[in-house]
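Novice: My file is data_11.cif. It has mmCIF, N, CA and C atoms:
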```cif
data_query
loop_
_atom_site.label_atom_id
_atom_site.label_comp_id
_atom_site.auth_asym_id
_atom_site.auth_seq_id
_atom_site.Cartn_x
_atom_site.Cartn_y
_atom_site.Cartn_z
N SER T 1 103.73 69.95 88.22
CA SER T 1 103.63 71.13 87.39
C SER T 1 102.17 71.52 87.15
N PHE T 2 101.26 70.54 87.23
CA PHE T 2 99.84 70.86 87.06
C PHE T 2 99.36 71.80 88.17
N LEU T 3 99.84 71.57 89.38
CA LEU T 3 99.48 72.44 90.50
C LEU T 3 99.96 73.87 90.24
N LEU T 4 101.16 74.01 89.73
CA LEU T 4 101.70 75.34 89.46
C LEU T 4 100.92 76.04 88.35
N VAL T 5 100.48 75.29 87.35
CA VAL T 5 99.65 75.88 86.29
C VAL T 5 98.36 76.41 86.89
N CYS T 6 97.76 75.65 87.79
CA CYS T 6 96.53 76.09 88.45
C CYS T 6 96.78 77.35 89.29
N VAL T 7 97.88 77.39 90.00
CA VAL T 7 98.20 78.54 90.85
C VAL T 7 98.42 79.78 90.00
N THR T 8 99.22 79.67 88.93
CA THR T 8 99.50 80.85 88.12
C THR T 8 98.27 81.31 87.34
N THR T 9 97.42 80.38 86.96
CA THR T 9 96.18 80.78 86.30
C THR T 9 95.33 81.61 87.26
N SER T 10 95.29 81.18 88.50
CA SER T 10 94.50 81.90 89.50
C SER T 10 95.12 83.25 89.86
N THR T 11 96.43 83.29 90.08
CA THR T 11 97.04 84.57 90.43
C THR T 11 96.93 85.56 89.28
N GLY T 12 97.05 85.07 88.07
CA GLY T 12 96.90 85.96 86.93
C GLY T 12 95.49 86.49 86.79
N ALA T 13 94.52 85.60 86.83
CA ALA T 13 93.13 86.00 86.59
C ALA T 13 92.49 86.73 87.77
N HIS T 14 92.87 86.38 89.00
CA HIS T 14 92.18 86.94 90.16
C HIS T 14 92.93 88.06 90.86
N TRP T 15 94.22 88.20 90.60
CA TRP T 15 95.00 89.24 91.25
C TRP T 15 95.58 90.23 90.25
N LEU T 16 96.33 89.71 89.30
CA LEU T 16 97.12 90.59 88.44
C LEU T 16 96.29 91.29 87.37
N VAL T 17 95.43 90.58 86.68
CA VAL T 17 94.61 91.22 85.64
C VAL T 17 93.68 92.28 86.23
N PRO T 18 92.96 92.00 87.33
CA PRO T 18 92.12 93.06 87.91
C PRO T 18 92.93 94.27 88.38
N ALA T 19 94.19 94.05 88.75
CA ALA T 19 95.05 95.16 89.19
C ALA T 19 95.76 95.82 88.01
N LYS T 20 95.33 95.46 86.80
CA LYS T 20 95.91 96.03 85.58
C LYS T 20 97.41 95.74 85.46
N GLN T 21 97.80 94.54 85.85
CA GLN T 21 99.19 94.11 85.76
C GLN T 21 99.37 93.06 84.65
N MET T 22 98.73 93.33 83.50
CA MET T 22 98.80 92.38 82.39
C MET T 22 100.24 92.20 81.90
N ARG T 23 101.05 93.24 82.02
CA ARG T 23 102.45 93.12 81.58
C ARG T 23 103.18 92.06 82.39
N VAL T 24 102.88 91.96 83.68
CA VAL T 24 103.51 90.93 84.52
C VAL T 24 103.07 89.54 84.06
N VAL T 25 101.79 89.38 83.75
CA VAL T 25 101.29 88.09 83.26
C VAL T 25 102.00 87.74 81.96
N PHE T 26 102.09 88.71 81.05
CA PHE T 26 102.74 88.48 79.76
C PHE T 26 104.21 88.14 79.96
N THR T 27 104.90 88.93 80.78
CA THR T 27 106.34 88.71 81.01
C THR T 27 106.59 87.34 81.64
N SER T 28 105.78 86.98 82.63
CA SER T 28 105.98 85.69 83.29
C SER T 28 105.73 84.53 82.32
N THR T 29 104.74 84.68 81.45
CA THR T 29 104.43 83.64 80.48
C THR T 29 105.57 83.48 79.48
N ILE T 30 106.09 84.59 78.98
CA ILE T 30 107.21 84.53 78.04
C ILE T 30 108.45 83.94 78.71
N ALA T 31 108.74 84.37 79.94
CA ALA T 31 109.90 83.85 80.66
C ALA T 31 109.77 82.35 80.89
N GLY T 32 108.59 81.90 81.24
CA GLY T 32 108.37 80.47 81.44
C GLY T 32 108.57 79.68 80.17
N ALA T 33 108.13 80.24 79.04
CA ALA T 33 108.30 79.56 77.75
C ALA T 33 109.77 79.54 77.33
N VAL T 34 110.46 80.66 77.52
CA VAL T 34 111.87 80.75 77.12
C VAL T 34 112.73 79.78 77.93
N VAL T 35 112.41 79.61 79.20
CA VAL T 35 113.17 78.69 80.05
C VAL T 35 112.63 77.26 79.93
N GLY T 36 111.31 77.12 79.95
CA GLY T 36 110.71 75.79 79.99
C GLY T 36 110.84 74.97 78.72
N LEU T 37 110.67 75.59 77.57
CA LEU T 37 110.72 74.85 76.31
C LEU T 37 112.10 74.22 76.07
N PRO T 38 113.19 74.99 76.17
CA PRO T 38 114.49 74.34 76.02
C PRO T 38 114.75 73.28 77.10
N ALA T 39 114.29 73.56 78.32
CA ALA T 39 114.48 72.58 79.40
C ALA T 39 113.73 71.29 79.08
N MET T 40 112.51 71.41 78.55
CA MET T 40 111.75 70.21 78.18
C MET T 40 112.47 69.42 77.08
N ILE T 41 112.97 70.13 76.07
CA ILE T 41 113.64 69.46 74.95
C ILE T 41 114.90 68.74 75.43
N VAL T 42 115.73 69.45 76.18
CA VAL T 42 116.99 68.86 76.64
C VAL T 42 116.73 67.72 77.62
N LEU T 43 115.88 67.97 78.60
CA LEU T 43 115.65 66.95 79.63
C LEU T 43 114.88 65.75 79.09
N ALA T 44 114.01 65.97 78.12
CA ALA T 44 113.31 64.84 77.49
C ALA T 44 114.30 63.97 76.73
N GLY T 45 115.29 64.61 76.07
CA GLY T 45 116.32 63.85 75.38
C GLY T 45 117.18 63.03 76.32
N LEU T 46 117.39 63.57 77.50
CA LEU T 46 118.23 62.87 78.49
C LEU T 46 117.47 61.86 79.32
N MET T 47 116.22 62.19 79.67
CA MET T 47 115.48 61.38 80.64
C MET T 47 114.14 60.85 80.13
N GLY T 48 113.81 61.13 78.90
CA GLY T 48 112.52 60.69 78.38
C GLY T 48 111.38 61.55 78.88
N GLY T 49 110.23 60.92 79.04
CA GLY T 49 109.03 61.64 79.46
C GLY T 49 109.17 62.32 80.80
N GLN T 50 109.87 61.69 81.71
CA GLN T 50 110.08 62.31 83.03
C GLN T 50 110.89 63.59 82.91
N GLY T 51 111.85 63.62 82.02
CA GLY T 51 112.63 64.82 81.80
C GLY T 51 111.80 65.94 81.20
N GLY T 52 110.92 65.57 80.26
CA GLY T 52 110.02 66.56 79.69
C GLY T 52 109.11 67.17 80.74
N ALA T 53 108.61 66.32 81.63
CA ALA T 53 107.76 66.82 82.72
C ALA T 53 108.55 67.71 83.66
N LEU T 54 109.80 67.35 83.92
CA LEU T 54 110.65 68.17 84.77
C LEU T 54 110.91 69.53 84.12
N GLY T 55 111.14 69.54 82.82
CA GLY T 55 111.33 70.80 82.11
C GLY T 55 110.11 71.69 82.20
N LEU T 56 108.92 71.09 82.07
CA LEU T 56 107.68 71.84 82.23
C LEU T 56 107.59 72.43 83.63
N ALA T 57 107.92 71.63 84.62
CA ALA T 57 107.88 72.10 86.01
C ALA T 57 108.85 73.26 86.23
N ILE T 58 110.02 73.19 85.63
CA ILE T 58 111.00 74.28 85.77
C ILE T 58 110.44 75.58 85.21
N GLY T 59 109.84 75.50 84.03
CA GLY T 59 109.23 76.70 83.45
C GLY T 59 108.11 77.25 84.30
N GLU T 60 107.28 76.38 84.84
CA GLU T 60 106.16 76.82 85.67
C GLU T 60 106.61 77.37 87.01
N ILE T 61 107.71 76.86 87.54
CA ILE T 61 108.26 77.42 88.78
C ILE T 61 108.66 78.87 88.55
N LEU T 62 109.26 79.15 87.41
CA LEU T 62 109.65 80.52 87.09
C LEU T 62 108.44 81.42 86.95
N VAL T 63 107.41 80.96 86.26
CA VAL T 63 106.17 81.75 86.10
C VAL T 63 105.57 82.04 87.47
N THR T 64 105.50 81.02 88.31
CA THR T 64 104.93 81.18 89.64
C THR T 64 105.73 82.18 90.47
N ALA T 65 107.05 82.10 90.42
CA ALA T 65 107.88 83.02 91.20
C ALA T 65 107.67 84.47 90.75
N ILE T 66 107.62 84.70 89.45
CA ILE T 66 107.43 86.06 88.94
C ILE T 66 106.06 86.59 89.36
N GLN T 67 105.03 85.78 89.21
CA GLN T 67 103.68 86.24 89.55
C GLN T 67 103.51 86.43 91.05
N PHE T 68 104.07 85.54 91.86
CA PHE T 68 103.96 85.71 93.31
C PHE T 68 104.66 86.97 93.78
N ALA T 69 105.82 87.28 93.19
CA ALA T 69 106.53 88.51 93.56
C ALA T 69 105.66 89.72 93.24
N ALA T 70 104.98 89.70 92.11
CA ALA T 70 104.10 90.81 91.74
C ALA T 70 102.91 90.92 92.68
N VAL T 71 102.33 89.78 93.06
CA VAL T 71 101.19 89.79 93.98
C VAL T 71 101.63 90.32 95.34
N LEU T 72 102.80 89.92 95.81
CA LEU T 72 103.30 90.43 97.09
C LEU T 72 103.52 91.93 97.04
N ARG T 73 104.03 92.44 95.91
CA ARG T 73 104.18 93.89 95.78
C ARG T 73 102.83 94.59 95.84
N LEU T 74 101.82 94.00 95.21
CA LEU T 74 100.47 94.59 95.26
C LEU T 74 99.94 94.61 96.69
N ILE T 75 100.12 93.53 97.40
CA ILE T 75 99.62 93.44 98.78
C ILE T 75 100.33 94.46 99.66
N ARG T 76 101.65 94.56 99.52
CA ARG T 76 102.41 95.51 100.34
C ARG T 76 102.07 96.95 100.00
N ALA T 77 101.80 97.23 98.75
CA ALA T 77 101.46 98.59 98.33
C ALA T 77 100.11 99.03 98.88
N LYS T 78 99.21 98.09 99.09
CA LYS T 78 97.87 98.42 99.56
C LYS T 78 97.68 98.16 101.04
N ALA T 79 98.71 97.66 101.72
CA ALA T 79 98.59 97.37 103.14
C ALA T 79 98.52 98.67 103.93
N PRO T 80 97.62 98.73 104.91
CA PRO T 80 97.55 99.94 105.73
C PRO T 80 98.80 100.09 106.58
N GLU T 81 99.09 101.32 106.90
CA GLU T 81 100.25 101.56 107.75
C GLU T 81 99.99 101.01 109.14
N ASP T 82 101.06 100.89 109.91
CA ASP T 82 100.96 100.35 111.26
C ASP T 82 100.42 101.42 112.21
N LYS T 83 99.19 101.80 112.03
CA LYS T 83 98.56 102.80 112.89
C LYS T 83 97.24 102.26 113.38
N VAL T 84 96.91 102.66 114.56
CA VAL T 84 95.61 102.32 115.11
C VAL T 84 94.72 103.55 114.91
N GLU T 85 93.56 103.31 114.33
CA GLU T 85 92.67 104.44 114.02
C GLU T 85 92.27 105.15 115.31
N GLY T 86 92.34 106.48 115.25
CA GLY T 86 91.94 107.27 116.39
C GLY T 86 93.06 107.60 117.35
N LEU T 87 94.21 106.92 117.20
CA LEU T 87 95.34 107.18 118.08
C LEU T 87 96.43 107.88 117.28
N THR T 88 96.99 108.91 117.87
CA THR T 88 98.10 109.60 117.23
C THR T 88 99.30 109.55 118.15
N PRO T 89 100.47 109.42 117.59
CA PRO T 89 101.67 109.33 118.46
C PRO T 89 102.05 110.66 119.06
#
```
Taking this structure as input, can you express it in the form of structure tokens?

Specialist:
Amino acid sequence: SFLLVCVTTSTGAHWLVPAKQMRVVFTSTIAGAVVGLPAMIVLAGLMGGQGGALGLAIGEILVTAIQFAAVLRLIRAKAPEDKVEGLTP
């Protein structure tokens, strides 16, 4: 889960915030907390510390998925069309 925290921190700070997509960062953070916190509580009760870590990882997987989807949309929106400069069909 530490790797995922590093990835989402980077995608948020280096891709989404400069692209003025703060709402995506906020939404992904809230979604991760809403899913991750109950998962940590339940899984920690069932499995101890390993369950708590698994719950954290589940929340971070959700944050990562939401942010990656937003980054892919940004990349696709700014990708040049399939044209070769100077050639017209």

Novice: Can you work out which one of T:Thr8, T:Leu37, T:Ala44, T:Lys78 has the shortest atom-to-atom distance to T:Val24, counting only C-alpha atoms?

Specialist: T:Thr8

Novice: Check which residues of stretch 6-49 of chain T sit at most 8 Å from stretch 70-73 of chain T using all atoms listed in the file, and return one row each with the closest pair of atoms and their distance in Å to one decimal, ordered by chain and rising number, as JSON lines.

Specialist:
```
{"residue": "T:Thr11", "atom": "CA", "partner": "T:Val71", "partner_atom": "CA", "distance": 7.6}
{"residue": "T:Trp15", "atom": "C", "partner": "T:Val71", "partner_atom": "CA", "distance": 6.8}
{"residue": "T:Leu16", "atom": "N", "partner": "T:Val71", "partner_atom": "CA", "distance": 6.7}
{"residue": "T:Val24", "atom": "CA", "partner": "T:Ala70", "partner_atom": "CA", "distance": 7.2}
```

Novice: Interatomic distance between atom C of T:Val63 and atom CA of T:Thr9?

Specialist: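 Answer for the atom C of T:Val63 to atom CA of T:Thr9 separation: 9.5 Å.
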
Novice: Which residue is closest to T:Gly32? Choose from T:Ile58, T:Ala69, T:Leu4, T:Leu74 and count all atoms listed in the file.

Specialist: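 Closest residue, counting all atoms listed in the file: T:Ile58.
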
Novice: Under the rule that only C-alpha atoms are counted, which of T:Gln50, T:Ile30, T:Gln67, T:Phe2 is the nearest residue to T:His14?

Specialist: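 The shortest atom-to-atom distance to T:His14 comes from T:Gln67.
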
Novice: Adding 3 Å on each side of the box along x, y and z that holds all listed atoms of stretch 20-25 of chain T, could you give its centre and edge lengths in Å to one decimal, as AutoDock Vina command-line options?

Specialist:
```
--center_x 99.4 --center_y 91.9 --center_z 84.2 --size_x 14.2 --size_y 14.3 --size_z 11.2
```

Novice: I'd like the interatomic distance between atom CA of T:Gly59 and atom CA of T:Val35, to a tenth of an Å.

Specialist: 5.6 Å

Novice: What is the distance between atom CA of T:Leu46 and atom C of T:Ile61, in Å to one decimal?

Specialist: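 Computed distance, atom CA of T:Leu46 to atom C of T:Ile61, equals 21.2 Å.
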
Novice: With only C-alpha atoms as the atoms that count, which of T:Ala31, T:Gly51, T:Pro38, T:Arg23 lies nearest to T:Thr64?

Specialist: T:Ala31

Novice: In chain T, what's helix (DSSP H, G or I) per DSSP? Answer as a count of residues only?

Specialist: 71

Novice: Of the candidates T:Thr27, T:Gln21, T:Ser10, T:Ser1, which shows the shortest atom-to-atom distance to T:Ala57, using all atoms listed in the file?

Specialist: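 Answer, going by the shortest atom-to-atom distance: T:Ser1.
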